[in-house]
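Data block for run-v7.pdb (PDB, C-alpha atoms and all ligand atoms):
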ATOM      1  CA  MET I   1       0.000   0.000   0.000
ATOM      2  CA  GLU I   2       1.495   3.341  -1.036
ATOM      3  CA  ASN I   3      -1.042   5.768   0.329
ATOM      4  CA  ILE I   4      -2.253   4.219   3.563
ATOM      5  CA  LEU I   5      -0.761   2.732   6.708
ATOM      6  CA  ILE I   6      -2.331  -0.094   8.688
ATOM      7  CA  GLU I   7      -1.418  -0.770  12.290
ATOM      8  CA  LYS I   8      -2.993  -3.520  14.373
ATOM      9  CA  GLN I   9      -3.160  -3.340  18.163
ATOM     10  CA  ASP I  10      -5.071  -6.093  19.985
ATOM     11  CA  ASN I  11      -8.538  -6.184  18.390
ATOM     12  CA  LEU I  12      -8.197  -2.754  16.826
ATOM     13  CA  ALA I  13      -6.832  -1.711  13.435
ATOM     14  CA  ILE I  14      -5.808   1.871  12.752
ATOM     15  CA  VAL I  15      -5.956   2.843   9.081
ATOM     16  CA  THR I  16      -4.103   6.100   8.364
ATOM     17  CA  ILE I  17      -4.478   7.900   5.058
ATOM     18  CA  ASN I  18      -0.907   8.902   4.347
ATOM     19  CA  ARG I  19      -0.499  11.652   1.749
ATOM     20  CA  PRO I  20       0.388  14.481   4.135
ATOM     21  CA  THR I  21       1.917  16.728   1.460
ATOM     22  CA  LYS I  22      -1.486  16.702  -0.305
ATOM     23  CA  LEU I  23      -3.393  16.981   2.975
ATOM     24  CA  ASN I  24      -4.376  13.324   2.464
ATOM     25  CA  ALA I  25      -6.551  14.165  -0.568
ATOM     26  CA  LEU I  26      -8.337  11.096  -1.918
ATOM     27  CA  ASN I  27      -6.971  10.108  -5.294
ATOM     28  CA  LYS I  28      -8.059   6.995  -7.215
ATOM     29  CA  ALA I  29      -5.184   4.891  -5.884
ATOM     30  CA  THR I  30      -5.973   5.801  -2.275
ATOM     31  CA  ILE I  31      -9.650   4.914  -2.734
ATOM     32  CA  GLU I  32      -8.659   1.533  -4.192
ATOM     33  CA  GLU I  33      -6.190   0.861  -1.379
ATOM     34  CA  LEU I  34      -8.776   1.785   1.241
ATOM     35  CA  HIS I  35     -11.262  -0.590  -0.403
ATOM     36  CA  GLN I  36      -8.701  -3.394  -0.218
ATOM     37  CA  ALA I  37      -7.764  -2.575   3.383
ATOM     38  CA  PHE I  38     -11.383  -2.471   4.570
ATOM     39  CA  THR I  39     -12.120  -5.738   2.740
ATOM     40  CA  ASP I  40      -9.142  -7.488   4.355
ATOM     41  CA  LEU I  41      -9.785  -6.105   7.843
ATOM     42  CA  ASN I  42     -13.475  -7.033   7.641
ATOM     43  CA  ASN I  43     -12.447 -10.613   6.801
ATOM     44  CA  ASP I  44      -9.930 -10.728   9.647
ATOM     45  CA  THR I  45     -11.813 -12.176  12.621
ATOM     46  CA  ALA I  46      -9.204 -10.799  15.040
ATOM     47  CA  THR I  47     -10.062  -7.212  14.024
ATOM     48  CA  LYS I  48     -13.140  -6.081  15.923
ATOM     49  CA  VAL I  49     -12.927  -2.313  15.362
ATOM     50  CA  ILE I  50     -11.322  -0.112  12.709
ATOM     51  CA  VAL I  51     -10.216   3.471  13.341
ATOM     52  CA  LEU I  52      -9.746   5.690  10.285
ATOM     53  CA  THR I  53      -7.588   8.815  10.526
ATOM     54  CA  GLY I  54      -5.265  11.054   8.515
ATOM     55  CA  SER I  55      -1.506  11.420   8.808
ATOM     56  CA  GLY I  56       0.079  14.627  10.042
ATOM     57  CA  GLU I  57      -1.404  17.242  12.321
ATOM     58  CA  LYS I  58      -3.259  19.288   9.752
ATOM     59  CA  ALA I  59      -5.747  17.146   7.896
ATOM     60  CA  PHE I  60      -7.981  14.113   8.117
ATOM     61  CA  VAL I  61      -8.665  14.375   4.361
ATOM     62  CA  ALA I  62      -8.868  17.699   2.468
ATOM     63  CA  GLY I  63     -11.204  16.246  -0.142
ATOM     64  CA  ALA I  64     -11.182  14.318  -3.357
ATOM     65  CA  ASP I  65      -7.999  14.987  -5.331
ATOM     66  CA  ILE I  66      -9.016  17.985  -7.447
ATOM     67  CA  SER I  67      -6.066  17.526  -9.822
ATOM     68  CA  GLU I  68      -7.450  14.148 -10.938
ATOM     69  CA  PHE I  69     -10.938  15.257 -11.989
ATOM     70  CA  ALA I  70     -10.498  18.886 -13.112
ATOM     71  CA  HIS I  71     -10.651  17.881 -16.818
ATOM     72  CA  PHE I  72     -13.435  15.242 -16.546
ATOM     73  CA  SER I  73     -16.480  15.093 -18.873
ATOM     74  CA  VAL I  74     -20.107  14.654 -17.749
ATOM     75  CA  SER I  75     -19.971  10.858 -18.007
ATOM     76  CA  GLU I  76     -16.553  10.665 -16.346
ATOM     77  CA  GLY I  77     -17.868  12.806 -13.487
ATOM     78  CA  GLU I  78     -20.825  10.501 -13.001
ATOM     79  CA  GLN I  79     -18.554   7.461 -13.141
ATOM     80  CA  LEU I  80     -16.219   9.014 -10.552
ATOM     81  CA  ALA I  81     -19.061   9.445  -8.070
ATOM     82  CA  ALA I  82     -20.600   6.015  -8.764
ATOM     83  CA  LYS I  83     -17.318   4.124  -8.493
ATOM     84  CA  GLY I  84     -16.222   6.017  -5.372
ATOM     85  CA  GLN I  85     -19.516   5.394  -3.625
ATOM     86  CA  GLU I  86     -19.411   1.699  -4.496
ATOM     87  CA  LEU I  87     -15.764   1.093  -3.603
ATOM     88  CA  LEU I  88     -15.461   3.208  -0.506
ATOM     89  CA  PHE I  89     -18.295   5.341   0.847
ATOM     90  CA  ASP I  90     -21.225   2.889   0.703
ATOM     91  CA  PHE I  91     -18.778   0.081   1.326
ATOM     92  CA  VAL I  92     -17.597   1.555   4.649
ATOM     93  CA  GLN I  93     -21.135   2.446   5.732
ATOM     94  CA  ASN I  94     -22.234  -1.163   5.212
ATOM     95  CA  LEU I  95     -19.139  -2.838   6.637
ATOM     96  CA  SER I  96     -20.019  -5.275   9.418
ATOM     97  CA  THR I  97     -16.917  -4.263  11.411
ATOM     98  CA  PRO I  98     -17.448  -0.920  13.188
ATOM     99  CA  VAL I  99     -15.439   1.957  11.704
ATOM    100  CA  ILE I 100     -14.745   5.055  13.816
ATOM    101  CA  ALA I 101     -13.530   8.207  12.055
ATOM    102  CA  ALA I 102     -10.908  10.035  14.127
ATOM    103  CA  VAL I 103     -11.061  13.461  12.467
ATOM    104  CA  ASN I 104      -7.686  15.035  13.240
ATOM    105  CA  GLY I 105      -7.844  18.221  11.143
ATOM    106  CA  PHE I 106      -9.477  19.365   7.886
ATOM    107  CA  ALA I 107     -12.288  17.061   6.750
ATOM    108  CA  LEU I 108     -13.480  18.777   3.597
ATOM    109  CA  GLY I 109     -15.496  17.569   0.635
ATOM    110  CA  GLY I 110     -14.724  13.885   0.104
ATOM    111  CA  GLY I 111     -12.948  13.939   3.474
ATOM    112  CA  LEU I 112     -16.090  14.853   5.369
ATOM    113  CA  GLU I 113     -18.047  12.466   3.152
ATOM    114  CA  LEU I 114     -15.664   9.693   4.156
ATOM    115  CA  ALA I 115     -15.964  10.582   7.854
ATOM    116  CA  MET I 116     -19.758  10.578   7.466
ATOM    117  CA  SER I 117     -19.641   7.104   5.883
ATOM    118  CA  CYS I 118     -17.960   5.783   9.030
ATOM    119  CA  HIS I 119     -20.273   4.456  11.734
ATOM    120  CA  PHE I 120     -19.533   7.439  13.975
ATOM    121  CA  ARG I 121     -17.011  10.241  14.352
ATOM    122  CA  ILE I 122     -14.798  11.775  17.017
ATOM    123  CA  ALA I 123     -12.713  14.898  16.402
ATOM    124  CA  SER I 124      -9.753  16.858  17.687
ATOM    125  CA  THR I 125     -10.243  20.477  18.761
ATOM    126  CA  ASN I 126      -8.434  21.763  15.636
ATOM    127  CA  ALA I 127     -10.721  19.858  13.223
ATOM    128  CA  LYS I 128     -12.573  21.824  10.559
ATOM    129  CA  MET I 129     -15.383  20.311   8.535
ATOM    130  CA  GLY I 130     -17.268  21.382   5.449
ATOM    131  CA  LEU I 131     -18.481  20.545   1.958
ATOM    132  CA  PRO I 132     -16.935  23.281  -0.239
ATOM    133  CA  GLU I 133     -17.773  21.634  -3.596
ATOM    134  CA  VAL I 134     -19.950  24.498  -4.882
ATOM    135  CA  THR I 135     -16.863  26.758  -4.740
ATOM    136  CA  LEU I 136     -15.488  24.444  -7.458
ATOM    137  CA  GLY I 137     -18.699  24.483  -9.482
ATOM    138  CA  VAL I 138     -19.717  20.971  -8.478
ATOM    139  CA  ILE I 139     -21.771  19.292  -5.726
ATOM    140  CA  PRO I 140     -20.751  16.642  -3.187
ATOM    141  CA  GLY I 141     -20.686  13.351  -5.101
ATOM    142  CA  TYR I 142     -19.665  10.793  -2.515
ATOM    143  CA  GLY I 143     -22.962  10.764  -0.623
ATOM    144  CA  GLY I 144     -22.515  14.171   1.060
ATOM    145  CA  THR I 145     -25.890  15.636   0.093
ATOM    146  CA  GLN I 146     -27.575  12.597   1.634
ATOM    147  CA  ARG I 147     -25.518  11.814   4.714
ATOM    148  CA  LEU I 148     -25.032  15.407   5.875
ATOM    149  CA  ALA I 149     -28.798  15.973   5.838
ATOM    150  CA  GLN I 150     -29.333  12.658   7.661
ATOM    151  CA  LEU I 151     -26.815  13.553  10.354
ATOM    152  CA  ILE I 152     -27.456  17.259  11.004
ATOM    153  CA  GLY I 153     -30.879  17.918   9.438
ATOM    154  CA  LYS I 154     -31.968  19.290   6.085
ATOM    155  CA  GLY I 155     -31.834  23.013   6.884
ATOM    156  CA  ARG I 156     -28.320  22.957   8.302
ATOM    157  CA  ALA I 157     -27.109  20.754   5.430
ATOM    158  CA  MET I 158     -28.634  23.133   2.882
ATOM    159  CA  GLU I 159     -26.876  26.111   4.467
ATOM    160  CA  LEU I 160     -23.503  24.390   4.881
ATOM    161  CA  ILE I 161     -23.488  23.123   1.293
ATOM    162  CA  MET I 162     -24.722  26.401  -0.234
ATOM    163  CA  THR I 163     -22.341  28.643   1.741
ATOM    164  CA  ALA I 164     -19.432  26.149   1.648
ATOM    165  CA  ASN I 165     -18.731  27.261   5.223
ATOM    166  CA  MET I 166     -16.373  25.275   7.397
ATOM    167  CA  ILE I 167     -17.483  24.500  10.933
ATOM    168  CA  ASP I 168     -15.180  23.879  13.875
ATOM    169  CA  ALA I 169     -15.184  20.758  16.027
ATOM    170  CA  GLU I 170     -17.360  22.183  18.815
ATOM    171  CA  THR I 171     -20.005  23.329  16.317
ATOM    172  CA  ALA I 172     -19.860  19.890  14.667
ATOM    173  CA  LYS I 173     -20.442  18.342  18.089
ATOM    174  CA  SER I 174     -23.381  20.609  18.799
ATOM    175  CA  TYR I 175     -24.872  19.553  15.426
ATOM    176  CA  GLY I 176     -24.398  15.846  16.245
ATOM    177  CA  LEU I 177     -21.909  15.441  13.405
ATOM    178  CA  VAL I 178     -19.177  14.258  15.796
ATOM    179  CA  ASN I 179     -19.726  12.537  19.139
ATOM    180  CA  HIS I 180     -16.702  13.760  21.118
ATOM    181  CA  VAL I 181     -14.055  16.486  20.838
ATOM    182  CA  VAL I 182     -10.651  16.169  22.505
ATOM    183  CA  PRO I 183      -7.181  17.731  22.071
ATOM    184  CA  GLN I 184      -5.349  16.267  19.083
ATOM    185  CA  GLU I 185      -2.821  14.364  21.204
ATOM    186  CA  GLU I 186      -5.696  12.525  22.943
ATOM    187  CA  LEU I 187      -7.683  11.653  19.819
ATOM    188  CA  LEU I 188      -6.256   8.204  19.086
ATOM    189  CA  ASP I 189      -6.324   7.220  22.761
ATOM    190  CA  LEU I 190     -10.016   8.091  22.864
ATOM    191  CA  ALA I 191     -10.631   6.090  19.680
ATOM    192  CA  LYS I 192      -8.764   3.143  21.201
ATOM    193  CA  SER I 193     -10.687   3.264  24.474
ATOM    194  CA  ILE I 194     -14.055   3.407  22.685
ATOM    195  CA  GLY I 195     -12.795   0.632  20.394
ATOM    196  CA  ALA I 196     -11.792  -1.534  23.375
ATOM    197  CA  LYS I 197     -15.291  -1.198  24.846
ATOM    198  CA  ILE I 198     -16.886  -2.199  21.545
ATOM    199  CA  SER I 199     -14.471  -5.168  21.212
ATOM    200  CA  ASN I 200     -15.735  -6.663  24.478
ATOM    201  CA  ASN I 201     -19.224  -6.999  23.049
ATOM    202  CA  SER I 202     -20.600  -9.553  20.606
ATOM    203  CA  SER I 203     -19.262  -8.727  17.140
ATOM    204  CA  VAL I 204     -21.998 -10.736  15.435
ATOM    205  CA  ALA I 205     -24.673  -8.762  17.329
ATOM    206  CA  ILE I 206     -22.899  -5.487  16.493
ATOM    207  CA  ALA I 207     -22.875  -6.397  12.786
ATOM    208  CA  LYS I 208     -26.630  -7.065  12.920
ATOM    209  CA  ALA I 209     -27.187  -3.749  14.739
ATOM    210  CA  ILE I 210     -25.230  -1.814  12.066
ATOM    211  CA  GLU I 211     -27.362  -3.441   9.374
ATOM    212  CA  ALA I 212     -30.605  -2.602  11.209
ATOM    213  CA  ILE I 213     -29.634   1.032  11.893
ATOM    214  CA  ASN I 214     -28.545   1.531   8.268
ATOM    215  CA  ALA I 215     -31.815   0.002   7.045
ATOM    216  CA  ASN I 216     -33.668   3.136   8.174
ATOM    217  CA  PHE I 217     -31.769   5.115   5.533
ATOM    218  CA  GLU I 218     -32.181   2.746   2.591
ATOM    219  CA  ASP I 219     -34.827   3.207  -0.064
ATOM    220  CA  GLY I 220     -37.488   0.524  -0.056
ATOM    221  CA  VAL I 221     -36.183  -1.158   3.095
ATOM    222  CA  ASN I 222     -38.209  -1.228   6.280
ATOM    223  CA  GLY I 223     -35.902  -0.604   9.237
ATOM    224  CA  PHE I 224     -38.308  -2.049  11.811
ATOM    225  CA  ALA I 225     -38.709  -5.223   9.720
ATOM    226  CA  THR I 226     -34.917  -5.494   9.402
ATOM    227  CA  GLU I 227     -34.605  -5.092  13.169
ATOM    228  CA  ILE I 228     -37.132  -7.892  13.806
ATOM    229  CA  LYS I 229     -35.340 -10.216  11.356
ATOM    230  CA  ASN I 230     -31.882  -9.473  12.766
ATOM    231  CA  PHE I 231     -33.129  -9.734  16.360
ATOM    232  CA  GLY I 232     -34.321 -13.257  15.532
ATOM    233  CA  ILE I 233     -31.035 -14.168  13.813
ATOM    234  CA  CYS I 234     -29.134 -13.279  16.999
ATOM    235  CA  PHE I 235     -31.022 -16.040  18.871
ATOM    236  CA  GLY I 236     -29.274 -18.609  16.675
ATOM    237  CA  THR I 237     -25.744 -17.429  17.515
ATOM    238  CA  GLU I 238     -23.209 -18.840  19.962
ATOM    239  CA  ASP I 239     -22.694 -15.296  21.267
ATOM    240  CA  PHE I 240     -26.341 -15.085  22.326
ATOM    241  CA  LYS I 241     -26.039 -18.380  24.249
ATOM    242  CA  GLU I 242     -22.802 -17.187  25.843
ATOM    243  CA  GLY I 243     -24.094 -13.694  26.675
ATOM    244  CA  THR I 244     -27.313 -14.845  28.327
ATOM    245  CA  THR I 245     -25.659 -17.802  30.086
ATOM    246  CA  ALA I 246     -22.861 -15.587  31.428
ATOM    247  CA  PHE I 247     -25.414 -13.107  32.759
ATOM    248  CA  LEU I 248     -27.359 -15.833  34.541
ATOM    249  CA  GLU I 249     -24.144 -17.359  35.927
ATOM    250  CA  LYS I 250     -23.052 -13.882  37.097
ATOM    251  CA  ARG I 251     -19.791 -13.949  35.107
ATOM    252  CA  LYS I 252     -18.321 -11.903  32.282
ATOM    253  CA  ALA I 253     -19.236 -13.163  28.811
ATOM    254  CA  VAL I 254     -16.463 -14.339  26.509
ATOM    255  CA  PHE I 255     -17.691 -13.858  22.954
ATOM    256  CA  THR I 256     -16.377 -15.697  19.905
ATOM    257  CA  GLY I 257     -18.241 -13.595  17.362
ATOM    258  CA  LYS I 258     -20.074 -16.688  16.081
TER     259      LYS I 258
HETATM  260  N1  LIG N   1      -7.007  17.958  -3.948
HETATM  261  C1  LIG N   1      -5.739  17.998  -4.385
HETATM  262  N2  LIG N   1      -4.742  18.590  -3.711
HETATM  263  C2  LIG N   1      -5.059  19.155  -2.549
HETATM  264  C3  LIG N   1      -6.360  19.150  -2.010
HETATM  265  C4  LIG N   1      -7.362  18.514  -2.774
HETATM  266  N3  LIG N   1      -8.633  18.423  -2.344
HETATM  267  N4  LIG N   1      -6.369  19.827  -0.835
HETATM  268  C5  LIG N   1      -5.101  20.226  -0.625
HETATM  269  N5  LIG N   1      -4.306  19.826  -1.649
HETATM  270  C6  LIG N   1      -2.875  20.060  -1.824
HETATM  271  C7  LIG N   1      -2.579  21.478  -2.278
HETATM  272  O1  LIG N   1      -2.746  21.598  -3.669
HETATM  273  C8  LIG N   1      -1.148  21.636  -1.832
HETATM  274  O2  LIG N   1      -0.322  20.933  -2.731
HETATM  275  P1  LIG N   1       1.052  21.625  -3.301
HETATM  276  O3  LIG N   1       1.876  21.863  -2.058
HETATM  277  O4  LIG N   1       1.619  20.597  -4.196
HETATM  278  O5  LIG N   1       0.625  22.891  -3.959
HETATM  279  C9  LIG N   1      -1.093  20.864  -0.529
HETATM  280  O6  LIG N   1      -2.214  19.958  -0.575
HETATM  281  C10 LIG N   1      -1.256  21.719   0.701
HETATM  282  O7  LIG N   1      -2.437  22.493   0.579
HETATM  283  P2  LIG N   1      -2.495  24.077   0.717
HETATM  284  O8  LIG N   1      -3.708  24.556  -0.012
HETATM  285  O9  LIG N   1      -1.186  24.682   0.344
HETATM  286  O10 LIG N   1      -2.697  24.223   2.295
HETATM  287  P3  LIG N   1      -3.369  25.461   3.076
HETATM  288  O11 LIG N   1      -3.059  25.234   4.509
HETATM  289  O12 LIG N   1      -3.010  26.740   2.454
HETATM  290  O13 LIG N   1      -4.953  25.254   2.845
HETATM  291  C11 LIG N   1      -7.018  23.978   2.704
HETATM  292  C12 LIG N   1      -5.630  24.140   3.378
HETATM  293  C13 LIG N   1      -7.614  22.664   3.173
HETATM  294  C14 LIG N   1      -7.926  25.144   3.105
HETATM  295  C15 LIG N   1      -6.839  23.991   1.160
HETATM  296  O14 LIG N   1      -5.858  23.026   0.832
HETATM  297  C16 LIG N   1      -8.093  23.651   0.373
HETATM  298  O15 LIG N   1      -8.974  24.494   0.243
HETATM  299  N6  LIG N   1      -8.153  22.418  -0.200
HETATM  300  C17 LIG N   1      -9.242  22.032  -1.060
HETATM  301  C18 LIG N   1     -10.492  21.725  -0.256
HETATM  302  C19 LIG N   1     -11.627  21.346  -1.156
HETATM  303  O16 LIG N   1     -12.142  22.142  -1.920
HETATM  304  N7  LIG N   1     -12.031  20.074  -1.056
HETATM  305  C20 LIG N   1     -13.155  19.574  -1.783
HETATM  306  C21 LIG N   1     -12.705  18.819  -2.953
HETATM  307  S1  LIG N   1     -14.081  18.139  -3.820
END
Starting from the file, lay out its structure as structure tokens.
Ligand code: COA
Amino acid sequence: MENILIEKQDNLAIVTINRPTKLNALNKATIEELHQAFTDLNNDTATKVIVLTGSGEKAFVAGADISEFAHFSVSEGEQLAAKGQELLFDFVQNLSTPVIAAVNGFALGGGLELAMSCHFRIASTNAKMGLPEVTLGVIPGYGGTQRLAQLIGKGRAMELIMTANMIDAETAKSYGLVNHVVPQEELLDLAKSIGAKISNNSSVAIAKAIEAINANFEDGVNGFATEIKNFGICFGTEDFKEGTTAFLEKRKAVFTGK
């Protein structure tokens, strides 16, 4: 991998987008590498949580790589959005392994879209977030018009996208866009401690919960029906037997994720 770093610690994998001289802008190669990394980590039963962050102290991701698409035609533009959504943005959202975005600086355009595709977000105090695409004569194409409105409401999303304003971490927290804000040097420790808590729980149940929560946002899918189905599926798992038995025996459950 040329553009990303992967570090495994216990049940946690930290994926770092590593193009600091380009503020970690997402070029085609980086998107493909991230797709491969998320595929591999999702298949690795030892990895229970993935943390996604950017290298350096300045940026999470400063957007899609503008130099790659500046000359694109209408059909190439559409292809760029479709392929990116399939390979990375929808892919991350629907991953069964939880992905936490640790937003350590600028998360602009495709960078904020990537953070919003993660299951939830934490940020450092210096983080700045926005969707500045209309300043380039284009709109967010990696799910930003949809996910921003889902996360912070339609009116705020309309204003942020139309003005191209950047918001700081505290404002993002007050909007519900990020869950926690801490100084930059504490960001990865916070991600790790949240990750460790998640890792103690049943990974098969967590995967079913992700699917049920996401179902609310999918066209033609009934979220309540998905919840009922997935609730039932959990009763057939070893983790359910272990979790309920451990509770009744007054001991800590040891989950296998099966
Ligand atoms: N695509 C390609 N390259 C990018 C980039 C992007 N989205 N964002 C930053 N870079 C590159 C810059 O071109 C520059 O490269 P260079 O040193 O080879 O010239 C390098 O990263 C550093 O960026 P720079 O603009 O010099 O840093 P800054 O501190 O002055 O400004 C930002 C930081 C984030 C405000 C500014 O880089 C920016 O506005 N980036 C584009 C944001 C954007 O519109 N994203 C949406 C894309 S759809």
| request: All residues within 9 Å of ligand LIG 1 (chain N) are required, counting only C-alpha atoms and all ligand atoms; please report them as a ChimeraX atom specification. | output: /I:19-27,58-59,61-68,106-111,128,130-136,138-141
Protein and nucleic acid residues near (-20.8, 2.3, 8.8) (cut-off 6 Å, all atoms listed in the file) as a short mmCIF file (atom, residue, chain, number, x, y, z; two decimals) with C-alpha atoms, in the frame of the given file:
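Final output, saved to selection14.cif:
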data_model
loop_
_atom_site.label_atom_id
_atom_site.label_comp_id
_atom_site.auth_asym_id
_atom_site.auth_seq_id
_atom_site.Cartn_x
_atom_site.Cartn_y
_atom_site.Cartn_z
CA VAL I 92 -17.60 1.56 4.65
CA GLN I 93 -21.14 2.45 5.73
CA ASN I 94 -22.23 -1.16 5.21
CA LEU I 95 -19.14 -2.84 6.64
CA SER I 117 -19.64 7.10 5.88
CA CYS I 118 -17.96 5.78 9.03
CA HIS I 119 -20.27 4.46 11.73
#
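CA of Leu114 (chain I) is positioned 11.1 Å from CA of Ala102 (chain I).
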Could you make a table, as a Markdown table, of the residues of region 35-153 of chain I that have an atom within 9 Å of an atom of region 195-219 of chain I, each with its nearest atom pair and distance in Å to one decimal, counting only C-alpha atoms, in chain and number order?
| residue | atom | partner | partner_atom | distance |
| --- | --- | --- | --- | --- |
| I:Thr47 | CA | I:Ser199 | CA | 8.7 |
| I:Lys48 | CA | I:Ser199 | CA | 5.5 |
| I:Val49 | CA | I:Gly195 | CA | 5.8 |
| I:Ile50 | CA | I:Gly195 | CA | 7.9 |
| I:Val51 | CA | I:Gly195 | CA | 8.0 |
| I:Gln93 | CA | I:Asn214 | CA | 7.9 |
| I:Asn94 | CA | I:Glu211 | CA | 7.0 |
| I:Leu95 | CA | I:Ala207 | CA | 8.0 |
| I:Ser96 | CA | I:Ala207 | CA | 4.6 |
| I:Thr97 | CA | I:Ala207 | CA | 6.5 |
| I:Pro98 | CA | I:Ala207 | CA | 7.7 |
| I:Ile100 | CA | I:Gly195 | CA | 8.2 |
| I:His119 | CA | I:Ile210 | CA | 8.0 |
| I:Gln150 | CA | I:Phe217 | CA | 8.2 |
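Using only C-alpha atoms, the residues found no farther than 10 Å from Lys173 (chain I), other than those of its own chain fewer than 6 positions away, are Arg121, Ile122, Ala123, Ile167, Asn179, His180 and Val181 of chain I.
Atom pair CA of Tyr142 (chain I) / CA of Asp90 (chain I) has a distance of 8.7 Å (rounded to one decimal).
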| field | Gap from CA of Gly223 (chain I) to CA of Gln85 (chain I) - Å, one decimal | value | 21.7 Å
Enumerate, as a JSON list (two decimals) with C-alpha atoms, in the frame of the given file, the protein, DNA and RNA residues whose atoms approach (-24.0, -20.3, 18.8) to within 12 Å, taking into account all atoms listed in the file and the coordinate frame of the file.
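The resulting file, result.json, is reproduced below:
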[["chain", "number", "residue", "atom", "x", "y", "z"],
["I", 202, "SER", "CA", -20.60, -9.55, 20.61],
["I", 204, "VAL", "CA", -22.00, -10.74, 15.44],
["I", 205, "ALA", "CA", -24.67, -8.76, 17.33],
["I", 233, "ILE", "CA", -31.04, -14.17, 13.81],
["I", 234, "CYS", "CA", -29.13, -13.28, 17.00],
["I", 235, "PHE", "CA", -31.02, -16.04, 18.87],
["I", 236, "GLY", "CA", -29.27, -18.61, 16.68],
["I", 237, "THR", "CA", -25.74, -17.43, 17.52],
["I", 238, "GLU", "CA", -23.21, -18.84, 19.96],
["I", 239, "ASP", "CA", -22.69, -15.30, 21.27],
["I", 240, "PHE", "CA", -26.34, -15.08, 22.33],
["I", 241, "LYS", "CA", -26.04, -18.38, 24.25],
["I", 242, "GLU", "CA", -22.80, -17.19, 25.84],
["I", 243, "GLY", "CA", -24.09, -13.69, 26.68],
["I", 244, "THR", "CA", -27.31, -14.84, 28.33],
["I", 245, "THR", "CA", -25.66, -17.80, 30.09],
["I", 255, "PHE", "CA", -17.69, -13.86, 22.95],
["I", 256, "THR", "CA", -16.38, -15.70, 19.90],
["I", 257, "GLY", "CA", -18.24, -13.60, 17.36],
["I", 258, "LYS", "CA", -20.07, -16.69, 16.08]]
| field | Evaluate the PyMOL selection byres (((chain I and resi 30-41) around 7) and not hetatm) and report residues as a PyMOL selection string | value | chain I and resi 1+3+26-29+42-44+47+87-88
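Among the candidate residues I:Ala101, I:Val182, I:Ile6, I:Ile14, the one lying nearest to Asn126 (chain I) is I:Val182, with distances computed using all atoms listed in the file.
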Please write a file for region 141-151 of chain I, taken from the block I just shared, that holds N, CA, C and O atoms and is laid out as a PDB file, in the first residue's frame.
ATOM      1  N   GLY I 141     -20.318  14.503  -4.266  1.00  0.00           N
ATOM      2  CA  GLY I 141     -20.686  13.351  -5.101  1.00  0.00           C
ATOM      3  C   GLY I 141     -20.435  12.012  -4.444  1.00  0.00           C
ATOM      4  O   GLY I 141     -20.686  10.961  -5.029  1.00  0.00           O
ATOM      5  N   TYR I 142     -19.925  12.045  -3.225  1.00  0.00           N
ATOM      6  CA  TYR I 142     -19.665  10.793  -2.515  1.00  0.00           C
ATOM      7  C   TYR I 142     -20.654  10.638  -1.355  1.00  0.00           C
ATOM      8  O   TYR I 142     -20.281  10.242  -0.254  1.00  0.00           O
ATOM      9  N   GLY I 143     -21.905  10.993  -1.624  1.00  0.00           N
ATOM     10  CA  GLY I 143     -22.962  10.764  -0.623  1.00  0.00           C
ATOM     11  C   GLY I 143     -23.191  11.945   0.315  1.00  0.00           C
ATOM     12  O   GLY I 143     -24.040  11.880   1.209  1.00  0.00           O
ATOM     13  N   GLY I 144     -22.454  13.048   0.116  1.00  0.00           N
ATOM     14  CA  GLY I 144     -22.515  14.171   1.060  1.00  0.00           C
ATOM     15  C   GLY I 144     -23.874  14.847   1.156  1.00  0.00           C
ATOM     16  O   GLY I 144     -24.289  15.247   2.250  1.00  0.00           O
ATOM     17  N   THR I 145     -24.579  14.965   0.030  1.00  0.00           N
ATOM     18  CA  THR I 145     -25.890  15.636   0.093  1.00  0.00           C
ATOM     19  C   THR I 145     -26.868  14.799   0.904  1.00  0.00           C
ATOM     20  O   THR I 145     -27.796  15.337   1.513  1.00  0.00           O
ATOM     21  N   GLN I 146     -26.653  13.486   0.913  1.00  0.00           N
ATOM     22  CA  GLN I 146     -27.575  12.597   1.634  1.00  0.00           C
ATOM     23  C   GLN I 146     -27.179  12.456   3.104  1.00  0.00           C
ATOM     24  O   GLN I 146     -27.991  12.638   4.012  1.00  0.00           O
ATOM     25  N   ARG I 147     -25.917  12.123   3.331  1.00  0.00           N
ATOM     26  CA  ARG I 147     -25.518  11.814   4.714  1.00  0.00           C
ATOM     27  C   ARG I 147     -25.464  13.054   5.590  1.00  0.00           C
ATOM     28  O   ARG I 147     -25.771  12.986   6.778  1.00  0.00           O
ATOM     29  N   LEU I 148     -25.087  14.214   5.020  1.00  0.00           N
ATOM     30  CA  LEU I 148     -25.032  15.407   5.875  1.00  0.00           C
ATOM     31  C   LEU I 148     -26.443  15.759   6.363  1.00  0.00           C
ATOM     32  O   LEU I 148     -26.651  16.053   7.537  1.00  0.00           O
ATOM     33  N   ALA I 149     -27.413  15.676   5.446  1.00  0.00           N
ATOM     34  CA  ALA I 149     -28.798  15.973   5.838  1.00  0.00           C
ATOM     35  C   ALA I 149     -29.304  14.946   6.858  1.00  0.00           C
ATOM     36  O   ALA I 149     -30.016  15.303   7.808  1.00  0.00           O
ATOM     37  N   GLN I 150     -28.916  13.683   6.689  1.00  0.00           N
ATOM     38  CA  GLN I 150     -29.333  12.658   7.661  1.00  0.00           C
ATOM     39  C   GLN I 150     -28.754  12.942   9.043  1.00  0.00           C
ATOM     40  O   GLN I 150     -29.415  12.763  10.063  1.00  0.00           O
ATOM     41  N   LEU I 151     -27.501  13.411   9.063  1.00  0.00           N
ATOM     42  CA  LEU I 151     -26.815  13.553  10.354  1.00  0.00           C
ATOM     43  C   LEU I 151     -27.138  14.865  11.069  1.00  0.00           C
ATOM     44  O   LEU I 151     -27.215  14.890  12.295  1.00  0.00           O
TER      45      LEU I 151
END
